[in-house]
file coords_16.pdb (PDB, C-alpha atoms and all ligand atoms)
ATOM      1  CA  MET T  24      81.558 -21.762  56.601
ATOM      2  CA  SER T  25      79.533 -18.508  56.694
ATOM      3  CA  GLU T  26      78.788 -16.904  60.016
ATOM      4  CA  GLY T  27      75.790 -18.346  61.770
ATOM      5  CA  THR T  28      75.887 -21.675  59.949
ATOM      6  CA  ILE T  29      75.397 -24.583  62.283
ATOM      7  CA  PRO T  30      78.506 -26.761  62.147
ATOM      8  CA  PRO T  31      77.940 -30.315  60.934
ATOM      9  CA  VAL T  32      77.263 -32.884  63.579
ATOM     10  CA  ILE T  33      80.186 -35.267  63.697
ATOM     11  CA  PRO T  34      78.718 -38.713  64.172
ATOM     12  CA  ALA T  35      79.645 -40.393  67.415
ATOM     13  CA  ARG T  36      81.915 -43.408  67.184
ATOM     14  CA  GLU T  37      79.918 -46.574  67.030
ATOM     15  CA  HIS T  38      82.416 -48.396  69.211
ATOM     16  CA  PRO T  39      84.439 -46.989  72.094
ATOM     17  CA  VAL T  40      88.083 -46.103  72.427
ATOM     18  CA  ILE T  41      89.639 -47.712  75.485
ATOM     19  CA  ALA T  42      92.752 -45.796  76.558
ATOM     20  CA  ILE T  43      95.327 -47.533  78.739
ATOM     21  CA  ASP T  44      98.198 -45.437  80.033
ATOM     22  CA  GLY T  45     100.860 -45.989  82.637
ATOM     23  CA  PRO T  46     104.574 -46.479  83.234
ATOM     24  CA  ALA T  47     106.739 -49.191  81.699
ATOM     25  CA  GLY T  48     106.253 -52.709  83.013
ATOM     26  CA  ALA T  49     102.861 -52.074  84.655
ATOM     27  CA  GLY T  50     101.202 -54.725  82.453
ATOM     28  CA  LYS T  51      99.466 -52.434  79.942
ATOM     29  CA  SER T  52     100.107 -54.713  76.947
ATOM     30  CA  THR T  53      98.711 -57.778  78.701
ATOM     31  CA  MET T  54      95.649 -55.804  79.749
ATOM     32  CA  ALA T  55      95.179 -54.318  76.261
ATOM     33  CA  ALA T  56      95.483 -57.737  74.591
ATOM     34  CA  HIS T  57      93.006 -59.243  77.060
ATOM     35  CA  LEU T  58      90.388 -56.511  76.645
ATOM     36  CA  ALA T  59      90.767 -56.558  72.863
ATOM     37  CA  ARG T  60      90.168 -60.323  72.773
ATOM     38  CA  ARG T  61      87.288 -60.064  75.217
ATOM     39  CA  PHE T  62      85.412 -57.398  73.256
ATOM     40  CA  GLY T  63      86.621 -58.130  69.723
ATOM     41  CA  PHE T  64      88.540 -54.848  69.453
ATOM     42  CA  LEU T  65      91.980 -54.049  68.012
ATOM     43  CA  ASN T  66      94.847 -53.594  70.458
ATOM     44  CA  LEU T  67      97.320 -50.934  69.409
ATOM     45  CA  GLU T  68     100.648 -50.423  71.197
ATOM     46  CA  THR T  69     101.659 -46.846  70.544
ATOM     47  CA  GLY T  70     105.014 -47.411  72.271
ATOM     48  CA  ALA T  71     105.915 -49.685  69.349
ATOM     49  CA  MET T  72     105.613 -46.684  67.004
ATOM     50  CA  TYR T  73     108.105 -44.664  69.067
ATOM     51  CA  ARG T  74     110.326 -47.744  69.192
ATOM     52  CA  ALA T  75     110.175 -48.239  65.415
ATOM     53  CA  LEU T  76     111.150 -44.643  64.769
ATOM     54  CA  ALA T  77     113.921 -44.838  67.386
ATOM     55  CA  PHE T  78     115.283 -47.925  65.638
ATOM     56  CA  LYS T  79     115.329 -46.120  62.285
ATOM     57  CA  ALA T  80     117.093 -43.174  63.962
ATOM     58  CA  ILE T  81     119.771 -45.553  65.297
ATOM     59  CA  ASP T  82     120.113 -47.141  61.860
ATOM     60  CA  ASN T  83     120.540 -43.704  60.277
ATOM     61  CA  ASP T  84     123.033 -42.574  62.924
ATOM     62  CA  LEU T  85     120.843 -39.647  63.934
ATOM     63  CA  ASP T  86     121.367 -37.598  67.054
ATOM     64  CA  PHE T  87     118.403 -38.261  69.401
ATOM     65  CA  SER T  88     118.391 -34.596  70.404
ATOM     66  CA  ASP T  89     117.987 -33.352  66.790
ATOM     67  CA  GLU T  90     114.245 -32.787  66.642
ATOM     68  CA  ALA T  91     114.201 -31.424  63.065
ATOM     69  CA  ALA T  92     116.086 -34.458  61.737
ATOM     70  CA  LEU T  93     113.825 -36.855  63.642
ATOM     71  CA  VAL T  94     110.674 -35.179  62.311
ATOM     72  CA  GLU T  95     112.022 -35.307  58.757
ATOM     73  CA  LEU T  96     112.805 -38.978  59.280
ATOM     74  CA  ALA T  97     109.261 -39.608  60.563
ATOM     75  CA  GLU T  98     107.727 -37.838  57.567
ATOM     76  CA  ASN T  99     109.532 -40.283  55.304
ATOM     77  CA  THR T 100     108.579 -43.348  57.308
ATOM     78  CA  ARG T 101     105.674 -45.777  57.287
ATOM     79  CA  ILE T 102     104.937 -47.484  60.566
ATOM     80  CA  ALA T 103     102.203 -50.106  60.680
ATOM     81  CA  LEU T 104     100.927 -51.966  63.729
ATOM     82  CA  GLU T 105      99.351 -55.359  63.162
ATOM     83  CA  PRO T 106      97.421 -56.498  66.239
ATOM     84  CA  GLN T 107      98.130 -60.106  67.236
ATOM     85  CA  LEU T 108      96.645 -62.203  70.038
ATOM     86  CA  GLU T 109      99.534 -60.990  72.219
ATOM     87  CA  GLY T 110     100.889 -57.539  71.364
ATOM     88  CA  ASN T 111     101.548 -56.066  67.951
ATOM     89  CA  ARG T 112     103.607 -56.984  64.916
ATOM     90  CA  VAL T 113     105.495 -53.837  63.949
ATOM     91  CA  LEU T 114     106.267 -53.035  60.328
ATOM     92  CA  LEU T 115     108.773 -50.301  59.580
ATOM     93  CA  ASP T 116     108.651 -49.308  55.900
ATOM     94  CA  GLY T 117     107.162 -52.730  55.235
ATOM     95  CA  VAL T 118     109.826 -54.684  57.157
ATOM     96  CA  ASP T 119     108.973 -56.683  60.286
ATOM     97  CA  VAL T 120     111.014 -55.189  63.152
ATOM     98  CA  SER T 121     108.887 -56.596  65.982
ATOM     99  CA  ARG T 122     111.768 -58.306  67.768
ATOM    100  CA  ARG T 123     114.462 -55.745  67.157
ATOM    101  CA  VAL T 124     112.430 -52.887  68.615
ATOM    102  CA  ARG T 125     112.178 -54.667  72.003
ATOM    103  CA  GLU T 126     115.957 -54.701  72.502
ATOM    104  CA  PRO T 127     117.491 -52.500  75.223
ATOM    105  CA  ASP T 128     119.230 -49.972  72.939
ATOM    106  CA  VAL T 129     115.966 -49.260  71.108
ATOM    107  CA  THR T 130     114.033 -49.134  74.404
ATOM    108  CA  ALA T 131     116.349 -46.416  75.725
ATOM    109  CA  ALA T 132     116.331 -44.550  72.393
ATOM    110  CA  ALA T 133     112.498 -44.581  72.226
ATOM    111  CA  SER T 134     112.304 -42.822  75.563
ATOM    112  CA  ARG T 135     114.765 -40.176  74.299
ATOM    113  CA  VAL T 136     113.178 -39.463  70.931
ATOM    114  CA  SER T 137     109.695 -39.279  72.468
ATOM    115  CA  VAL T 138     110.471 -36.045  74.349
ATOM    116  CA  HIS T 139     110.227 -33.908  71.156
ATOM    117  CA  PRO T 140     106.916 -32.041  70.718
ATOM    118  CA  ARG T 141     106.920 -32.022  66.889
ATOM    119  CA  LEU T 142     107.705 -35.685  66.717
ATOM    120  CA  ARG T 143     104.918 -36.375  69.196
ATOM    121  CA  ALA T 144     102.517 -34.325  67.061
ATOM    122  CA  TRP T 145     103.334 -36.564  64.073
ATOM    123  CA  MET T 146     102.736 -39.689  66.180
ATOM    124  CA  VAL T 147      99.480 -38.342  67.635
ATOM    125  CA  ASP T 148      98.118 -37.627  64.106
ATOM    126  CA  GLN T 149      98.839 -41.216  63.071
ATOM    127  CA  GLN T 150      97.331 -42.619  66.265
ATOM    128  CA  ARG T 151      94.123 -40.583  65.913
ATOM    129  CA  LEU T 152      93.732 -41.925  62.385
ATOM    130  CA  LEU T 153      94.199 -45.493  63.606
ATOM    131  CA  GLY T 154      91.583 -45.097  66.322
ATOM    132  CA  ARG T 155      89.064 -42.810  64.608
ATOM    133  CA  ARG T 156      86.434 -45.506  64.113
ATOM    134  CA  GLY T 157      86.685 -46.741  67.698
ATOM    135  CA  GLY T 158      86.657 -50.404  68.607
ATOM    136  CA  VAL T 159      90.257 -50.073  69.759
ATOM    137  CA  VAL T 160      92.212 -50.575  72.934
ATOM    138  CA  MET T 161      95.070 -48.100  72.593
ATOM    139  CA  GLU T 162      97.961 -48.321  75.001
ATOM    140  CA  GLY T 163     100.696 -45.774  75.738
ATOM    141  CA  ARG T 164     101.548 -42.801  77.941
ATOM    142  CA  ASP T 165      99.334 -39.985  76.631
ATOM    143  CA  ILE T 166      96.314 -41.734  75.114
ATOM    144  CA  GLY T 167      93.775 -40.524  77.691
ATOM    145  CA  THR T 168      95.338 -37.060  78.041
ATOM    146  CA  VAL T 169      96.291 -36.110  74.458
ATOM    147  CA  VAL T 170      95.536 -38.652  71.722
ATOM    148  CA  PHE T 171      91.929 -39.400  72.713
ATOM    149  CA  PRO T 172      90.939 -37.026  75.543
ATOM    150  CA  ASP T 173      87.352 -38.042  74.666
ATOM    151  CA  ALA T 174      88.013 -41.785  75.060
ATOM    152  CA  GLU T 175      84.994 -43.560  76.510
ATOM    153  CA  VAL T 176      87.181 -45.561  78.902
ATOM    154  CA  LYS T 177      90.466 -44.448  80.466
ATOM    155  CA  ILE T 178      92.550 -46.692  82.658
ATOM    156  CA  PHE T 179      95.820 -45.603  84.251
ATOM    157  CA  LEU T 180      97.671 -48.765  85.239
ATOM    158  CA  ASP T 181     100.427 -48.312  87.785
ATOM    159  CA  ALA T 182     102.599 -50.480  90.073
ATOM    160  CA  ALA T 183     105.587 -49.931  92.354
ATOM    161  CA  PRO T 184     108.874 -49.695  90.371
ATOM    162  CA  GLU T 185     110.408 -52.733  92.110
ATOM    163  CA  VAL T 186     107.405 -54.857  91.178
ATOM    164  CA  ARG T 187     107.465 -53.654  87.569
ATOM    165  CA  GLY T 188     111.228 -54.263  87.297
ATOM    166  CA  ASN T 189     110.846 -57.732  88.783
ATOM    167  CA  ARG T 190     108.037 -58.652  86.367
ATOM    168  CA  ARG T 191     110.129 -57.487  83.401
ATOM    169  CA  TYR T 192     113.061 -59.492  84.701
ATOM    170  CA  ARG T 193     111.050 -62.672  85.097
ATOM    171  CA  GLN T 194     109.820 -62.313  81.509
ATOM    172  CA  SER T 195     113.374 -61.919  80.252
ATOM    173  CA  GLY T 196     114.859 -65.435  80.370
ATOM    174  CA  PRO T 197     114.867 -68.969  81.786
ATOM    175  CA  ALA T 198     113.900 -69.206  85.467
ATOM    176  CA  GLU T 199     116.704 -71.608  86.477
ATOM    177  CA  THR T 200     119.371 -68.943  85.933
ATOM    178  CA  LYS T 201     117.681 -66.496  88.235
ATOM    179  CA  PHE T 202     119.062 -67.251  91.677
ATOM    180  CA  THR T 203     122.696 -66.305  91.231
ATOM    181  CA  GLU T 204     124.485 -63.143  92.366
ATOM    182  CA  GLN T 205     124.792 -62.104  88.726
ATOM    183  CA  ALA T 206     121.063 -62.556  88.239
ATOM    184  CA  LYS T 207     120.402 -60.293  91.217
ATOM    185  CA  ALA T 208     122.654 -57.602  89.720
ATOM    186  CA  THR T 209     120.803 -57.912  86.395
ATOM    187  CA  GLU T 210     117.463 -57.489  88.110
ATOM    188  CA  GLU T 211     118.736 -54.445  89.981
ATOM    189  CA  ALA T 212     120.016 -52.946  86.731
ATOM    190  CA  MET T 213     116.593 -53.493  85.139
ATOM    191  CA  VAL T 214     114.830 -51.724  88.017
ATOM    192  CA  ARG T 215     117.307 -48.851  87.719
ATOM    193  CA  GLU T 216     116.798 -48.558  83.945
ATOM    194  CA  LEU T 217     113.031 -48.630  84.400
ATOM    195  CA  LYS T 218     113.153 -45.863  87.018
ATOM    196  CA  GLU T 219     115.298 -43.697  84.724
ATOM    197  CA  ARG T 220     112.863 -44.192  81.847
ATOM    198  CA  ASP T 221     109.896 -43.416  84.138
ATOM    199  CA  GLU T 222     111.569 -40.251  85.292
ATOM    200  CA  ARG T 223     112.120 -39.108  81.677
ATOM    201  CA  ASP T 224     108.554 -40.051  80.660
ATOM    202  CA  ARG T 225     107.016 -38.303  83.690
ATOM    203  CA  THR T 226     109.040 -35.104  83.635
ATOM    204  CA  ARG T 227     109.226 -34.269  79.920
ATOM    205  CA  ALA T 228     107.651 -30.910  79.090
ATOM    206  CA  GLU T 229     105.450 -32.262  76.276
ATOM    207  CA  SER T 230     102.660 -34.721  77.172
ATOM    208  CA  PRO T 231     104.298 -36.109  80.306
ATOM    209  CA  LEU T 232     103.060 -39.420  81.656
ATOM    210  CA  ARG T 233     100.221 -38.639  84.048
ATOM    211  CA  PRO T 234      96.686 -39.885  84.591
ATOM    212  CA  ALA T 235      93.889 -37.977  82.844
ATOM    213  CA  GLU T 236      91.557 -36.336  85.371
ATOM    214  CA  ASP T 237      88.795 -38.746  84.438
ATOM    215  CA  ALA T 238      90.968 -41.871  84.322
ATOM    216  CA  VAL T 239      90.382 -44.779  86.668
ATOM    217  CA  ILE T 240      93.682 -45.444  88.436
ATOM    218  CA  LEU T 241      94.475 -49.089  88.982
ATOM    219  CA  ASP T 242      97.507 -49.933  91.115
ATOM    220  CA  SER T 243      98.474 -53.537  90.439
ATOM    221  CA  THR T 244     101.327 -53.706  92.998
ATOM    222  CA  SER T 245      99.581 -56.287  95.187
ATOM    223  CA  MET T 246      97.189 -57.733  92.614
ATOM    224  CA  THR T 247      97.449 -60.979  90.669
ATOM    225  CA  LEU T 248      97.203 -60.850  86.892
ATOM    226  CA  ASP T 249      93.721 -62.362  87.055
ATOM    227  CA  GLU T 250      92.540 -59.724  89.514
ATOM    228  CA  VAL T 251      93.877 -56.969  87.265
ATOM    229  CA  LEU T 252      92.098 -58.349  84.192
ATOM    230  CA  VAL T 253      88.798 -58.767  86.055
ATOM    231  CA  ALA T 254      89.073 -55.198  87.386
ATOM    232  CA  ALA T 255      89.822 -53.847  83.891
ATOM    233  CA  GLU T 256      86.815 -55.592  82.393
ATOM    234  CA  LYS T 257      84.601 -54.154  85.104
ATOM    235  CA  ILE T 258      85.919 -50.629  84.466
ATOM    236  CA  VAL T 259      85.040 -51.014  80.768
ATOM    237  CA  ARG T 260      81.518 -52.269  81.525
ATOM    238  CA  ASP T 261      80.984 -49.417  84.013
ATOM    239  CA  HIS T 262      81.766 -46.815  81.323
ATOM    240  CA  VAL T 263      80.076 -48.053  78.151
ATOM    241  CA  THR T 264      76.727 -49.507  77.300
ATOM    242  CA  GLU T 265      76.290 -53.114  76.247
ATOM    243  CA  ALA T 266      75.255 -51.849  72.762
ATOM    244  CA  GLN T 267      78.604 -50.040  72.306
ATOM    245  CA  LEU T 268      80.406 -53.311  72.905
ATOM    246  CA  HIS T 269      78.675 -55.189  70.066
TER     247      HIS T 269
HETATM  248  O1  LIG T 301     105.297 -48.597  75.986
HETATM  249  P1  LIG T 301     106.725 -48.743  75.564
HETATM  250  O2  LIG T 301     107.627 -49.155  76.683
HETATM  251  O3  LIG T 301     106.877 -49.648  74.374
HETATM  252  O4  LIG T 301     107.164 -47.270  75.086
HETATM  253  C1  LIG T 301     108.486 -46.968  74.664
HETATM  254  C2  LIG T 301     108.771 -45.481  74.903
HETATM  255  O5  LIG T 301     107.942 -44.689  74.054
HETATM  256  C3  LIG T 301     108.505 -44.996  76.333
HETATM  257  O6  LIG T 301     109.686 -44.881  77.085
HETATM  258  C4  LIG T 301     107.860 -43.655  76.187
HETATM  259  C5  LIG T 301     107.437 -43.561  74.748
HETATM  260  N1  LIG T 301     105.990 -43.487  74.572
HETATM  261  C6  LIG T 301     105.406 -42.253  74.647
HETATM  262  O7  LIG T 301     106.087 -41.273  74.930
HETATM  263  N2  LIG T 301     104.077 -42.118  74.394
HETATM  264  C7  LIG T 301     103.314 -43.179  74.110
HETATM  265  N3  LIG T 301     102.020 -43.011  73.849
HETATM  266  C8  LIG T 301     103.901 -44.469  74.064
HETATM  267  C9  LIG T 301     105.251 -44.587  74.316
END
call {"tool": "encode", "arguments": {"input": "coords_16.pdb", "output": "structure tokens"}}
result
Amino acid sequence: MSEGTIPPVIPAREHPVIAIDGPAGAGKSTMAAHLARRFGFLNLETGAMYRALAFKAIDNDLDFSDEAALVELAENTRIALEPQLEGNRVLLDGVDVSRRVREPDVTAAASRVSVHPRLRAWMVDQQRLLGRRGGVVMEGRDIGTVVFPDAEVKIFLDAAPEVRGNRRYRQSGPAETKFTEQAKATEEAMVRELKERDERDRTRAESPLRPAEDAVILDSTSMTLDEVLVAAEKIVRDHVTEAQLH
């Protein structure tokens, strides 16, 4: 472009980007799925992309600290997210890995591979492409701060670690087995694992988990699920016009 030329006006998105960030187990996926259904948007779980890549790294016996190898792996990988009524179906090179990527070894690996700046840059490029037209509820750790700093709506959903660990635990198996000593130890281990993952996500040098300055912080520690969903819907309506929602 020659000097003095007015740069082209990039058209505004017709529909908004709703960014939901926060630590593990805060209820981001439930909130994202609810808002997406409510407004007819796509819900995209960016954590599933890190999980899919972490799974492929495990499968290829890669060292989680080898950034160059992980980036090369990513560049030869196709990750697709298919929004469902609840959460996303995850396709890794065309294969459905939705269940496998939720298992504990992949969960821990995802948190480790996601510390690498160049790998994050690859993920962020993909995520910006997915959300470029708007009409998406994108959930993760850095959506409001890095992926879409211009998101129309930013919610940072938090809750006390014990509450998040307990919610995860209750989702994890049949209720009748949950009053034994062993069950208590399992719950404690889950809270511990969650705290470790939080610590890694919050303290990494690149795009650490933190609320964007203009995010609305919602602490769900003493809220019911219904209260959280009502509050989220109100935050959306407070930040976008009715026309942007249709
Ligand atoms: O949301 P989740 O639990 O599925 O995410 C798995 C891991 O991926 C999490 O420990 C941190 C990482 N992650 C990230 O660094 N940035 C995102 N936008 C989403 C997830």
call {"tool": "closest_residue", "arguments": {"input": "coords_16.pdb", "among": "T:Glu175, T:Asp165, T:Asp89, T:Glu219", "to": "ligand LIG 301 (chain T)", "atoms": "all atoms listed in the file"}}
result
T:Asp165
call {"tool": "closest_residue", "arguments": {"input": "coords_16.pdb", "among": "T:Arg123, T:Glu256, T:Ala75, T:Thr264", "to": "His57 in chain T", "atoms": "only C-alpha atoms"}}
result
T:Glu256
call {"tool": "residues_around", "arguments": {"input": "coords_16.pdb", "residues": "Arg225 in chain T", "least_positions_apart": "4", "cutoff": "12 Å", "atoms": "all atoms listed in the file", "output": "JSON list (two decimals) with C-alpha atoms, in the frame of the given file"}}
result
[["chain", "number", "residue", "atom", "x", "y", "z"],
["T", 44, "ASP", "CA", 98.20, -45.44, 80.03],
["T", 45, "GLY", "CA", 100.86, -45.99, 82.64],
["T", 46, "PRO", "CA", 104.57, -46.48, 83.23],
["T", 47, "ALA", "CA", 106.74, -49.19, 81.70],
["T", 134, "SER", "CA", 112.30, -42.82, 75.56],
["T", 137, "SER", "CA", 109.70, -39.28, 72.47],
["T", 138, "VAL", "CA", 110.47, -36.04, 74.35],
["T", 164, "ARG", "CA", 101.55, -42.80, 77.94],
["T", 165, "ASP", "CA", 99.33, -39.98, 76.63],
["T", 217, "LEU", "CA", 113.03, -48.63, 84.40],
["T", 218, "LYS", "CA", 113.15, -45.86, 87.02],
["T", 219, "GLU", "CA", 115.30, -43.70, 84.72],
["T", 220, "ARG", "CA", 112.86, -44.19, 81.85],
["T", 221, "ASP", "CA", 109.90, -43.42, 84.14],
["T", 229, "GLU", "CA", 105.45, -32.26, 76.28],
["T", 230, "SER", "CA", 102.66, -34.72, 77.17],
["T", 231, "PRO", "CA", 104.30, -36.11, 80.31],
["T", 232, "LEU", "CA", 103.06, -39.42, 81.66],
["T", 233, "ARG", "CA", 100.22, -38.64, 84.05],
["T", 234, "PRO", "CA", 96.69, -39.88, 84.59]]
call {"tool": "atom_distance", "arguments": {"input": "coords_16.pdb", "atom1": "CA of Ile240 in chain T", "atom2": "CA of Phe179 in chain T"}}
result
4.7 Å
call {"tool": "atom_distance", "arguments": {"input": "coords_16.pdb", "atom1": "CA of Gln149 in chain T", "atom2": "CA of Ala77 in chain T"}}
result
16.1 Å
call {"tool": "atom_distance", "arguments": {"input": "coords_16.pdb", "atom1": "CA of Trp145 in chain T", "atom2": "CA of Arg125 in chain T"}}
result
21.7 Å
call {"tool": "residues_around", "arguments": {"input": "coords_16.pdb", "residues": "range 109-122 of chain T", "least_positions_apart": "5", "cutoff": "10 Å", "atoms": "all atoms listed in the file", "output": "ChimeraX atom specification"}}
result
/T:52-57,59-60,65-69,71-72,74-76,78-79,99-104
call {"tool": "resolve_selection", "arguments": {"input": "coords_16.pdb", "expression": "the PyMOL selection byres (((chain T and resi 151-161) around 9) and not hetatm)", "output": "ChimeraX atom specification"}}
result
/T:36-44,55-56,58-59,62-69,146-150,162-163,166,170-171,174,267-268
